[in-house]
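A.B. asks: Once you've had a glance at the structure underneath, I'll fire off some questions.
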Amino acid sequence: MVETHEATSSGWKAFCEDLAAYERDATDPPASRLALMLRVLLLPRLQAVGLFRLSQVVVQRSPGLAAVVRMVSSALTGSDLSPRAVVGGGLRLNHPVGVVVGPNCVVGARCSMMQGVTLGHGRGGSPVLGDDVFLGPHAVVIGGVQVASRVNVGANAVVSFPVPDGALVRAQKSSVVLINAPEASSTKQLS
């Protein structure tokens, strides 16, 4: 079973952990708290995380307001993170466009997601991710699978099976399957 004790941080505490992760990994760390707050307002990666945490805080009291915050986040950043997902502190959305996290997903602490990542419901439920997981561009984790801690999921990988601690998951190597040469009148099919 994946440890998810760190994924239950409160909205404000989790957001502070998200900002700390950003500051720790930034190539040009902000000089002051004011500079950090300006980045939260101006950088899509921090807007997406901040609005997601805000929607998590308000969803219990006002699901309608949480839906509005989610729509604003989607319009500003291109991400769609359900306020009902359980996500630990230290979340990093380096390029938030196309990131989708469904309502019953559980994500541990210090998760990094690149553009186009999808975590969603499928056969057996929604995914549970451990701590310190990296999801590369357009990675998909679908269904009631458990992805343990310290896992790296490569670009375009589709995960629908349990992944052990410390594993590296990659997509199939690309290959040419069709050649349409301009000098040839017919198309060759490769096997």
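Convention: chains lettered A, B, ... in structure tokens order; per-chain residue numbering from 1; ligands numbered from 1 as shown.
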Residues of stretch 49-191 of chain A classed as helix (DSSP H, G or I) by DSSP on the backbone are to be reported as a short mmCIF file (atom, residue, chain, number, x, y, z; two decimals) with C-alpha atoms, in the first residue's frame.

C.D. replies:
```cif
data_model
loop_
_atom_site.label_atom_id
_atom_site.label_comp_id
_atom_site.auth_asym_id
_atom_site.auth_seq_id
_atom_site.Cartn_x
_atom_site.Cartn_y
_atom_site.Cartn_z
CA VAL A 49 -1.09 25.45 -7.84
CA GLY A 50 -2.40 28.46 -5.88
CA LEU A 51 -5.87 28.32 -7.44
CA PHE A 52 -5.99 24.55 -6.96
CA ARG A 53 -5.21 24.95 -3.24
CA LEU A 54 -7.81 27.72 -2.97
CA SER A 55 -10.44 25.47 -4.56
CA GLN A 56 -9.54 22.72 -2.07
CA VAL A 57 -10.09 25.11 0.84
CA VAL A 58 -13.50 26.35 -0.34
CA PRO A 63 -18.83 23.67 -4.00
CA GLY A 64 -20.15 26.30 -6.42
CA LEU A 65 -17.36 28.75 -5.55
CA ALA A 66 -14.81 25.92 -5.84
CA ALA A 67 -16.15 25.22 -9.35
CA VAL A 68 -15.73 28.89 -10.29
CA VAL A 69 -12.14 28.90 -8.98
CA ARG A 70 -11.47 25.72 -10.96
CA MET A 71 -12.85 27.33 -14.15
CA VAL A 72 -10.73 30.45 -13.61
CA SER A 73 -7.66 28.26 -13.13
CA SER A 74 -8.47 26.34 -16.29
CA ALA A 75 -8.90 29.55 -18.29
CA LEU A 76 -5.67 31.13 -16.95
CA THR A 77 -3.38 28.10 -16.90
#
```

A.B. asks: Fewer than 3 positions away in the same chain doesn't count, so skip those; otherwise give me all residues within 8 Å of A:Ser149, counting only C-alpha atoms, as a list in words.

C.D. replies: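 Residues meeting the cut-off are Val2, Leu129, Gly130, Asp131, Asp132, Val133, Pro164, Asp165 and Gly166 of chain A.
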
A.B. asks: Generate a file of the selected residues that holds C-alpha atoms, formatted as a CSV table (one decimal), in the first residue's frame.

C.D. replies:
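Output (again-v1.csv):
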```
chain,number,residue,atom,x,y,z
A,2,VAL,CA,1.3,3.5,-0.9
A,129,LEU,CA,0.6,7.9,-6.1
A,130,GLY,CA,3.3,7.9,-3.4
A,131,ASP,CA,5.7,10.7,-2.5
A,132,ASP,CA,8.4,12.1,-4.8
A,133,VAL,CA,6.9,11.0,-8.0
A,164,PRO,CA,7.0,-0.5,-7.3
A,165,ASP,CA,9.1,1.9,-5.3
A,166,GLY,CA,11.9,3.6,-7.1
```

A.B. asks: Quote the spacing between atom CA of A:Pro96 and atom CA of A:Gly120 in Å to one decimal place.

C.D. replies: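 Between atom CA of A:Pro96 and atom CA of A:Gly120 the gap is 16.2 Å.
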
A.B. asks: Mind the document's chain letters and residue numbers, and return as JSON, numbers by chain the residues of stretch 61-189 of chain A that DSSP labels strand (DSSP E or B).

C.D. replies: {"A": [80, 81, 86, 87, 92, 93, 100, 101, 106, 107, 112, 113, 118, 119, 120, 122, 125, 128, 129, 134, 135, 140, 141, 142, 146, 147, 152, 153, 158, 159, 163, 168, 169, 178, 179, 188, 189]}

A.B. asks: When you count only C-alpha atoms, which of these residues is closest to A:Ala171: A:Leu38, A:Arg61, A:Gln146, A:Val140?

C.D. replies: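 With only C-alpha atoms as the atom set, the closest residue is A:Val140.
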
A.B. asks: A:Ala109: which residues within 8 Å, counting only C-alpha atoms, same-chain residues fewer than 2 positions away excluded, as number ranges by chain?

C.D. replies: A: 6-7, 87-91, 107, 111, 130-132

A.B. asks: Any chance you can output those residues with C-alpha atoms as a CSV table (one decimal), in the first residue's frame?

C.D. replies:
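To be explicit, this is the file written out as result.csv:
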```
chain,number,residue,atom,x,y,z
A,6,GLU,CA,1.7,13.3,3.7
A,7,ALA,CA,-1.1,13.8,1.1
A,87,VAL,CA,-2.6,16.1,-3.2
A,88,GLY,CA,0.3,16.4,-0.8
A,89,GLY,CA,2.4,19.5,-0.3
A,90,GLY,CA,5.3,20.4,-2.6
A,91,LEU,CA,3.3,20.0,-5.8
A,107,VAL,CA,-1.1,12.1,-4.9
A,111,CYS,CA,5.0,15.3,-6.9
A,130,GLY,CA,3.3,7.9,-3.4
A,131,ASP,CA,5.7,10.7,-2.5
A,132,ASP,CA,8.4,12.1,-4.8
```
